[in-house]
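**Q** So that we are looking at the same thing, I have put the structure below in structure tokens.
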There are 2 protein chains.
Amino acid sequence: MDVVTLGMVGLGRMGGNMSRRLARAGHTVVGWDRAEAARATLSDEPRAPTVATLEELVGRLPAPRIVWLMLPAGAPTEDILQRLVPLLRTGDLVVDGANAMYRDSQRHAREFAARGVRFVDCGVSGGVWGLENGYGLMVGGTDDAVGTLEPVLRALAPGPDRGWVHCGRAGAGHFAKMVHNGIEYGMMQAYAEGFALLQAKEELGLDVPAIAEAWRHGTVIRSWLLDLTAEFMRDDATLAAIEPFVADSGEGRWTAHESIELGVPMPVTTLALMQRFTSQGRGDPANRLLARMRQAFGGHAVRKRD
Amino acid sequence: MDVVTLGMVGLGRMGGNMSRRLARAGHTVVGWDRAEAARATLSDEPRAPTVATLEELVGRLPAPRIVWLMLPAGAPTEDILQRLVPLLRTGDLVVDGANAMYRDSQRHAREFAARGVRFVDCGVSGGVWGLENGYGLMVGGTDDAVGTLEPVLRALAPGPDRGWVHCGRAGAGHFAKMVHNGIEYGMMQAYAEGFALLQAKEELGLDVPAIAEAWRHGTVIRSWLLDLTAEFMRDDATLAAIEPFVADSGEGRWTAHESIELGVPMPVTTLALMQRFTSQGRGDPANRLLARMRQAFGGHAVRKRD
């Protein structure tokens, strides 16, 4: 196996664990995070030394340098990419592992290419389970750049030859990750609606956690998301202490935009996104109007707030 | 292990393979199907003898008799249940493994209970893969009846202690299976929309079959349905020869009805069902009206049929 030395910028929950997985596979990861506390979490990992500045990180890497960014998409990533421009040389390779908008990644690839620096966009799935199970990796870029990165991808993925894919040219990795997350929205909503119906069907005395557990085996709907769901339902079937508020990050919205731009019907994906907005209270203005309309035309009572 | 002898009525794709799985586990299955060809498929299975009539099947079973029906829900199942009434005795046990409406199963349980015959409703998932992998089984009925059936359930399930669940009282098994299929509609639609968006994104040169394959490992959306999808996409990425017509069976509609009856919002599940109706051409009348309205108020051209 090729052993490489690469830089990891951003040592949060994702970047920190990915550094560990790479270090344990025999690679060397020079890590930097602007937060000293994040850097300190890697102090027990001998093949993942951390440094105090971005400049020091670049200085510690052999040419051609590989710098992997694992930062929030948008301004934090843009800021570091700008700071990297004067530090990198022809042939170096930058990887953006954030959940970035694929059009930003296409632009970054063009900008770096103009300076002879290779750029790879990599969608990363797996969350907090990736350290143990490996990460699903969706990669966009040139054959040459992805070839250079291959030893790193093989170590991060669940297996050397599975769970990572060169999706297509620059932007393709983040596009695939965007679609992955869109599918995730719809799947999650489908499970949640089904379990809500089971919970509401009081007359049958249903053992909902036991049903969730059994569904994991032999059924058409078995999945990793169902495994997770069955596990937390075993400890807490009603989730009474959880606020029914579902956050959304950018990728669900981008998927809906893309559906509209390409004219590809994605009703369930889009509706799952809309349900999240509703859970956030963003449906309240429309619902107030509806209640008021019913009162206006039919004299129906409205509920008043305290 | 307790070894039992039971009768299997209906030896089609499901009942035939379930008989095989039970026979291979050491149980004896006396099989009957009104079609001689279906009976003949079991001729190589020594522990699954077939008989020529329903009366003969009941006559070959030791008391208390266990008769498992694996027939289409509705009239075929109703017919056999009526024919079983005079053939069974107090303590016997009837299992309906069809995708039956749970309210029918509640009624059947009451009718048989009035004659001292036990009734169990069992939702069966796993399709053509069940013979090899085992079947997901969702069971409704009394503790006593399910206890009698346990050796059979343990052999049919993916493992003796996993993949089968006593969901609750009579009707609970078919209710859980109904919800399982409702979730399936939503999950399938979510995947299908995502893959359709990937296929439509021509500018990125996406390798869609390779993305499907990679998503099976390490991602949040990995599942058995994705495994199946990646497998058929490897052989045929575009599916150009497949008519875009998606059938629906009863369970999606029942789930939508139940959502309305209980007032539990299931927008994605219901919409996935509506998309199937649309795929069947049932949206054409509304679309003709929409085209005509646009013409009427705005003079927009309509497309004419030959």
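Convention: chains lettered A, B, ... in structure tokens order; per-chain residue numbering from 1; ligands numbered from 1 as shown.
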Please superimpose chain A on chain B using every C-alpha atom, paired by order, in a least-squares fit, and write the moved chain as a compact mmCIF listing (two decimals) with C-alpha atoms, in the first residue's frame.

**A**
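The new file superposed35.txt reads:
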# COMPACT_ATOMS: atom_id res chain seq x y z
CA MET A 1 -36.42 -27.79 18.52
CA ASP A 2 -40.11 -28.59 18.34
CA VAL A 3 -40.91 -30.22 15.01
CA VAL A 4 -44.42 -29.62 13.75
CA THR A 5 -46.66 -30.75 10.93
CA LEU A 6 -48.74 -28.02 9.33
CA GLY A 7 -50.84 -27.50 6.25
CA MET A 8 -49.99 -24.86 3.63
CA VAL A 9 -52.82 -23.68 1.39
CA GLY A 10 -51.56 -21.83 -1.67
CA LEU A 11 -48.26 -22.97 -3.18
CA GLY A 12 -47.44 -20.00 -5.38
CA ARG A 13 -44.23 -18.00 -5.26
CA MET A 14 -44.66 -17.24 -1.55
CA GLY A 15 -46.38 -20.36 -0.20
CA GLY A 16 -44.22 -22.73 -2.22
CA ASN A 17 -40.94 -21.23 -1.05
CA MET A 18 -42.15 -20.95 2.54
CA SER A 19 -43.06 -24.66 2.45
CA ARG A 20 -39.54 -25.43 1.26
CA ARG A 21 -37.93 -23.32 3.97
CA LEU A 22 -40.04 -25.07 6.62
CA ALA A 23 -39.33 -28.52 5.20
CA ARG A 24 -35.61 -27.85 5.11
CA ALA A 25 -35.79 -26.82 8.79
CA GLY A 26 -37.18 -30.27 9.63
CA HIS A 27 -40.88 -29.49 9.79
CA THR A 28 -43.43 -31.39 7.71
CA VAL A 29 -45.66 -29.34 5.41
CA VAL A 30 -48.72 -30.85 3.80
CA GLY A 31 -49.38 -28.62 0.80
CA TRP A 32 -52.40 -27.95 -1.31
CA ASP A 33 -53.05 -25.58 -4.19
CA ARG A 34 -56.02 -25.73 -6.55
CA ALA A 35 -53.50 -25.63 -9.43
CA GLU A 36 -51.86 -28.99 -10.02
CA ALA A 37 -48.83 -27.24 -11.56
CA ALA A 38 -48.19 -25.38 -8.31
CA ARG A 39 -48.41 -28.64 -6.34
CA ALA A 40 -45.95 -30.29 -8.73
CA THR A 41 -43.23 -27.72 -7.96
CA LEU A 42 -42.78 -29.27 -4.51
CA SER A 43 -42.36 -32.84 -5.77
CA ASP A 44 -38.62 -32.80 -4.99
CA GLU A 45 -39.14 -31.83 -1.35
CA PRO A 46 -39.65 -35.03 0.68
CA ARG A 47 -40.93 -33.24 3.81
CA ALA A 48 -43.48 -31.26 1.79
CA PRO A 49 -45.97 -33.78 0.38
CA THR A 50 -48.92 -32.31 -1.53
CA VAL A 51 -52.51 -33.46 -1.61
CA ALA A 52 -55.31 -33.05 -4.14
CA THR A 53 -58.00 -31.45 -1.98
CA LEU A 54 -58.41 -29.12 0.97
CA GLU A 55 -60.30 -31.84 2.83
CA GLU A 56 -57.41 -34.26 2.36
CA LEU A 57 -54.99 -31.63 3.68
CA VAL A 58 -56.97 -31.16 6.87
CA GLY A 59 -57.30 -34.93 7.23
CA ARG A 60 -53.53 -35.39 7.14
CA LEU A 61 -52.81 -33.01 10.03
CA PRO A 62 -52.41 -34.02 13.69
CA ALA A 63 -54.63 -32.21 16.22
CA PRO A 64 -54.51 -29.40 17.06
CA ARG A 65 -54.23 -28.68 13.37
CA ILE A 66 -52.29 -25.70 11.99
CA VAL A 67 -53.44 -24.48 8.57
CA TRP A 68 -51.45 -21.62 7.00
CA LEU A 69 -53.14 -19.74 4.14
CA MET A 70 -50.84 -18.10 1.63
CA LEU A 71 -53.36 -16.83 -0.92
CA PRO A 72 -54.21 -13.48 -2.48
CA ALA A 73 -56.11 -11.32 -0.01
CA GLY A 74 -59.84 -10.83 -0.53
CA ALA A 75 -62.09 -13.36 -2.28
CA PRO A 76 -59.59 -16.25 -2.63
CA THR A 77 -58.76 -16.10 1.08
CA GLU A 78 -62.40 -15.56 2.14
CA ASP A 79 -63.46 -18.59 0.07
CA ILE A 80 -60.96 -20.95 1.70
CA LEU A 81 -61.67 -19.62 5.19
CA GLN A 82 -65.36 -20.39 4.67
CA ARG A 83 -64.53 -23.88 3.41
CA LEU A 84 -62.31 -24.46 6.46
CA VAL A 85 -65.06 -23.66 8.98
CA PRO A 86 -66.76 -27.08 8.91
CA LEU A 87 -63.41 -28.92 8.65
CA LEU A 88 -61.77 -27.55 11.78
CA ARG A 89 -62.27 -28.40 15.46
CA THR A 90 -61.83 -26.62 18.78
CA GLY A 91 -58.17 -25.78 19.40
CA ASP A 92 -57.15 -25.78 15.75
CA LEU A 93 -55.20 -22.80 14.44
CA VAL A 94 -55.60 -20.87 11.19
CA VAL A 95 -52.91 -18.46 9.97
CA ASP A 96 -53.60 -15.92 7.25
CA GLY A 97 -50.29 -14.91 5.63
CA ALA A 98 -51.84 -12.78 2.91
CA ASN A 99 -51.50 -9.00 2.65
CA ALA A 100 -55.00 -8.79 4.10
CA MET A 101 -56.79 -5.69 5.32
CA TYR A 102 -56.37 -5.76 9.11
CA ARG A 103 -60.07 -5.16 9.76
CA ASP A 104 -60.86 -8.34 7.78
CA SER A 105 -58.40 -10.18 10.02
CA GLN A 106 -60.04 -8.79 13.15
CA ARG A 107 -63.37 -10.11 11.83
CA HIS A 108 -61.90 -13.51 10.96
CA ALA A 109 -60.40 -13.80 14.45
CA ARG A 110 -63.83 -13.10 15.99
CA GLU A 111 -65.62 -15.55 13.69
CA PHE A 112 -63.18 -18.40 14.35
CA ALA A 113 -63.03 -17.64 18.06
CA ALA A 114 -66.81 -18.17 18.21
CA ARG A 115 -66.11 -21.77 17.12
CA GLY A 116 -63.12 -22.28 19.40
CA VAL A 117 -60.65 -22.05 16.53
CA ARG A 118 -57.60 -19.81 16.99
CA PHE A 119 -56.73 -17.29 14.28
CA VAL A 120 -53.39 -15.57 13.69
CA ASP A 121 -52.78 -12.85 11.12
CA CYS A 122 -49.23 -12.80 9.81
CA GLY A 123 -47.75 -10.18 7.50
CA VAL A 124 -44.93 -11.72 5.48
CA SER A 125 -42.15 -9.72 3.84
CA GLY A 126 -39.18 -10.89 1.82
CA GLY A 127 -40.58 -11.71 -1.61
CA VAL A 128 -38.61 -14.08 -3.80
CA TRP A 129 -35.54 -13.71 -1.53
CA GLY A 130 -37.24 -15.19 1.51
CA LEU A 131 -36.39 -18.83 0.79
CA GLU A 132 -32.71 -18.04 1.11
CA ASN A 133 -32.68 -15.11 3.58
CA GLY A 134 -35.77 -15.87 5.64
CA TYR A 135 -38.99 -13.91 5.86
CA GLY A 136 -39.82 -10.88 7.95
CA LEU A 137 -42.95 -11.89 9.92
CA MET A 138 -45.41 -9.59 11.69
CA VAL A 139 -47.87 -11.54 13.82
CA GLY A 140 -51.15 -10.64 15.51
CA GLY A 141 -53.15 -12.86 17.85
CA THR A 142 -53.36 -14.24 21.37
CA ASP A 143 -50.23 -15.26 23.30
CA ASP A 144 -51.52 -18.82 23.29
CA ALA A 145 -51.95 -18.99 19.50
CA VAL A 146 -48.64 -17.30 18.76
CA GLY A 147 -46.93 -19.63 21.24
CA THR A 148 -48.26 -22.67 19.34
CA LEU A 149 -46.98 -21.16 16.11
CA GLU A 150 -43.56 -20.20 17.43
CA PRO A 151 -41.57 -23.17 16.01
CA VAL A 152 -42.95 -22.32 12.56
CA LEU A 153 -42.15 -18.61 12.92
CA ARG A 154 -38.61 -19.35 14.09
CA ALA A 155 -37.98 -21.48 11.00
CA LEU A 156 -39.46 -19.02 8.50
CA ALA A 157 -37.71 -15.94 9.94
CA PRO A 158 -34.13 -14.96 9.06
CA GLY A 159 -33.07 -16.33 12.45
CA PRO A 160 -34.88 -18.12 15.30
CA ASP A 161 -34.91 -14.96 17.44
CA ARG A 162 -34.92 -12.20 14.88
CA GLY A 163 -37.14 -10.95 12.08
CA TRP A 164 -40.40 -12.13 13.59
CA VAL A 165 -42.49 -10.20 16.06
CA HIS A 166 -45.72 -10.65 17.97
CA CYS A 167 -47.03 -7.14 17.23
CA GLY A 168 -50.18 -7.21 19.34
CA ARG A 169 -53.69 -8.62 19.31
CA ALA A 170 -55.63 -9.93 16.27
CA GLY A 171 -55.18 -7.62 13.28
CA ALA A 172 -51.90 -6.20 14.59
CA GLY A 173 -49.78 -8.31 12.25
CA HIS A 174 -51.57 -7.21 9.12
CA PHE A 175 -51.67 -3.63 10.36
CA ALA A 176 -47.89 -3.66 10.84
CA LYS A 177 -47.43 -5.20 7.40
CA MET A 178 -49.66 -2.49 5.91
CA VAL A 179 -47.50 0.21 7.50
CA HIS A 180 -44.34 -1.61 6.37
CA ASN A 181 -45.58 -1.44 2.80
CA GLY A 182 -46.54 2.22 3.19
CA ILE A 183 -42.98 3.00 4.30
CA GLU A 184 -41.75 0.98 1.32
CA TYR A 185 -43.73 3.24 -1.06
CA GLY A 186 -42.06 6.35 0.35
CA MET A 187 -38.55 4.87 0.43
CA MET A 188 -38.81 3.60 -3.14
CA GLN A 189 -40.04 6.98 -4.36
CA ALA A 190 -37.18 8.79 -2.54
CA TYR A 191 -34.53 6.60 -4.18
CA ALA A 192 -36.20 6.81 -7.59
CA GLU A 193 -36.36 10.61 -7.53
CA GLY A 194 -32.71 10.87 -6.51
CA PHE A 195 -31.49 8.53 -9.24
CA ALA A 196 -33.66 10.32 -11.80
CA LEU A 197 -31.96 13.61 -10.87
CA LEU A 198 -28.51 12.02 -11.24
CA GLN A 199 -29.48 10.65 -14.66
CA ALA A 200 -30.74 14.05 -15.80
CA LYS A 201 -27.55 15.92 -14.79
CA GLU A 202 -25.71 15.37 -18.06
CA GLU A 203 -23.16 18.16 -17.65
CA LEU A 204 -21.21 16.35 -14.92
CA GLY A 205 -20.56 13.05 -16.69
CA LEU A 206 -21.87 11.09 -13.72
CA ASP A 207 -21.28 7.34 -13.47
CA VAL A 208 -24.71 6.60 -12.00
CA PRO A 209 -24.36 2.80 -11.62
CA ALA A 210 -21.00 3.29 -9.86
CA ILE A 211 -22.58 5.84 -7.52
CA ALA A 212 -25.39 3.39 -6.72
CA GLU A 213 -22.85 0.69 -5.94
CA ALA A 214 -20.71 2.98 -3.75
CA TRP A 215 -23.72 4.27 -1.81
CA ARG A 216 -24.28 0.70 -0.53
CA HIS A 217 -21.29 1.10 1.80
CA GLY A 218 -20.75 3.58 4.63
CA THR A 219 -23.54 6.02 3.69
CA VAL A 220 -26.63 7.03 5.62
CA ILE A 221 -28.90 5.76 2.82
CA ARG A 222 -27.57 2.21 2.58
CA SER A 223 -30.30 -0.39 2.58
CA TRP A 224 -31.43 -3.65 1.07
CA LEU A 225 -33.54 -1.80 -1.52
CA LEU A 226 -30.40 0.10 -2.55
CA ASP A 227 -28.49 -3.21 -2.82
CA LEU A 228 -31.15 -4.49 -5.22
CA THR A 229 -31.20 -1.24 -7.18
CA ALA A 230 -27.41 -1.12 -7.58
CA GLU A 231 -27.48 -4.71 -8.83
CA PHE A 232 -30.00 -4.16 -11.62
CA MET A 233 -28.46 -0.79 -12.57
CA ARG A 234 -25.12 -2.51 -13.13
CA ASP A 235 -26.74 -4.53 -15.91
CA ASP A 236 -29.00 -1.80 -17.27
CA ALA A 237 -28.45 1.80 -16.21
CA THR A 238 -31.17 3.44 -18.31
CA LEU A 239 -34.02 0.88 -18.10
CA ALA A 240 -35.14 2.13 -21.50
CA ALA A 241 -37.15 -1.04 -22.15
CA ILE A 242 -39.25 -0.68 -18.99
CA GLU A 243 -42.65 0.97 -19.27
CA PRO A 244 -42.82 3.76 -16.64
CA PHE A 245 -45.96 2.23 -15.09
CA VAL A 246 -45.90 1.42 -11.36
CA ALA A 247 -48.64 -0.86 -10.10
CA ASP A 248 -50.07 -0.48 -6.63
CA SER A 249 -51.63 -3.14 -4.46
CA GLY A 250 -54.03 -2.54 -1.62
CA GLU A 251 -51.66 -1.69 1.20
CA GLY A 252 -50.57 1.75 0.03
CA ARG A 253 -54.21 2.79 -0.27
CA TRP A 254 -55.10 1.33 3.13
CA THR A 255 -52.22 3.22 4.74
CA ALA A 256 -53.50 6.48 3.23
CA HIS A 257 -57.04 5.71 4.43
CA GLU A 258 -55.74 4.97 7.94
CA SER A 259 -53.74 8.20 7.97
CA ILE A 260 -56.97 10.07 7.27
CA GLU A 261 -59.03 8.05 9.74
CA LEU A 262 -56.57 8.64 12.60
CA GLY A 263 -55.67 12.18 11.51
CA VAL A 264 -51.96 11.34 11.38
CA PRO A 265 -50.22 13.39 8.69
CA MET A 266 -48.48 11.12 6.17
CA PRO A 267 -47.84 13.50 3.29
CA VAL A 268 -44.87 11.68 1.77
CA THR A 269 -46.45 8.22 2.00
CA THR A 270 -49.67 9.48 0.47
CA LEU A 271 -47.87 11.40 -2.26
CA ALA A 272 -45.81 8.34 -3.16
CA LEU A 273 -49.12 6.52 -3.66
CA MET A 274 -50.47 9.38 -5.77
CA GLN A 275 -47.31 9.25 -7.92
CA ARG A 276 -48.09 5.60 -8.66
CA PHE A 277 -51.59 6.55 -9.74
CA THR A 278 -50.08 9.21 -12.00
CA SER A 279 -47.67 6.64 -13.48
CA GLN A 280 -50.71 4.54 -14.35
CA GLY A 281 -52.11 7.32 -16.52
CA ARG A 282 -54.72 8.28 -13.93
CA GLY A 283 -53.46 11.86 -13.92
CA ASP A 284 -54.26 12.29 -17.61
CA PRO A 285 -57.79 13.69 -17.17
CA ALA A 286 -56.53 16.44 -14.85
CA ASN A 287 -53.61 17.17 -17.17
CA ARG A 288 -55.93 17.45 -20.17
CA LEU A 289 -58.03 19.92 -18.20
CA LEU A 290 -54.97 21.92 -17.23
CA ALA A 291 -53.78 22.13 -20.83
CA ARG A 292 -57.24 23.18 -21.94
CA MET A 293 -57.53 25.83 -19.21
CA ARG A 294 -54.21 27.37 -20.26
CA GLN A 295 -55.50 27.50 -23.80
CA ALA A 296 -58.79 29.02 -22.66
CA PHE A 297 -57.40 31.90 -20.61
CA GLY A 298 -54.09 32.51 -22.35
CA GLY A 299 -54.45 31.13 -25.84
CA HIS A 300 -51.56 28.73 -25.18
CA ALA A 301 -51.24 25.89 -27.67
CA VAL A 302 -52.34 22.41 -26.65
CA ARG A 303 -50.80 19.25 -28.02
CA LYS A 304 -53.22 17.20 -30.09
CA ARG A 305 -53.32 13.43 -30.05
CA ASP A 306 -53.21 11.49 -33.32

**Q** Just the strand (DSSP E) stuff from range 150-306 of chain B, please, per backbone DSSP, written as a list in words.

**A**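 Output for range 150-306 of chain B, strand (DSSP E) only: Trp164, Val165, His166, Cys167 and Gly168 of chain B.
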
**Q** Write the residues you've just listed into a file as a PDB file, in the first residue's frame, and include C-alpha atoms for each of them.

**A**
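File written: out_8.pdb
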ATOM      1  CA  TRP B 164     -40.418 -12.126  13.596  1.00  0.00           C
ATOM      2  CA  VAL B 165     -42.489 -10.176  16.071  1.00  0.00           C
ATOM      3  CA  HIS B 166     -45.703 -10.645  17.981  1.00  0.00           C
ATOM      4  CA  CYS B 167     -47.019  -7.149  17.239  1.00  0.00           C
ATOM      5  CA  GLY B 168     -50.196  -7.230  19.351  1.00  0.00           C
TER       6      GLY B 168
END

**Q** Looking only at helix (DSSP H, G or I) from DSSP on the backbone, list the matching residues of range 90-210 of chain B as JSON, numbers by chain.

**A** {"B": [102, 103, 104, 105, 106, 107, 108, 109, 110, 111, 112, 113, 127, 128, 129, 130, 131, 132, 133, 143, 144, 145, 146, 147, 148, 149, 150, 151, 152, 153, 154, 155, 156, 172, 173, 174, 175, 176, 177, 178, 179, 180, 181, 182, 183, 184, 185, 186, 187, 188, 189, 190, 191, 192, 193, 194, 195, 196, 197, 198, 199, 200, 202, 203, 204, 208, 209, 210]}
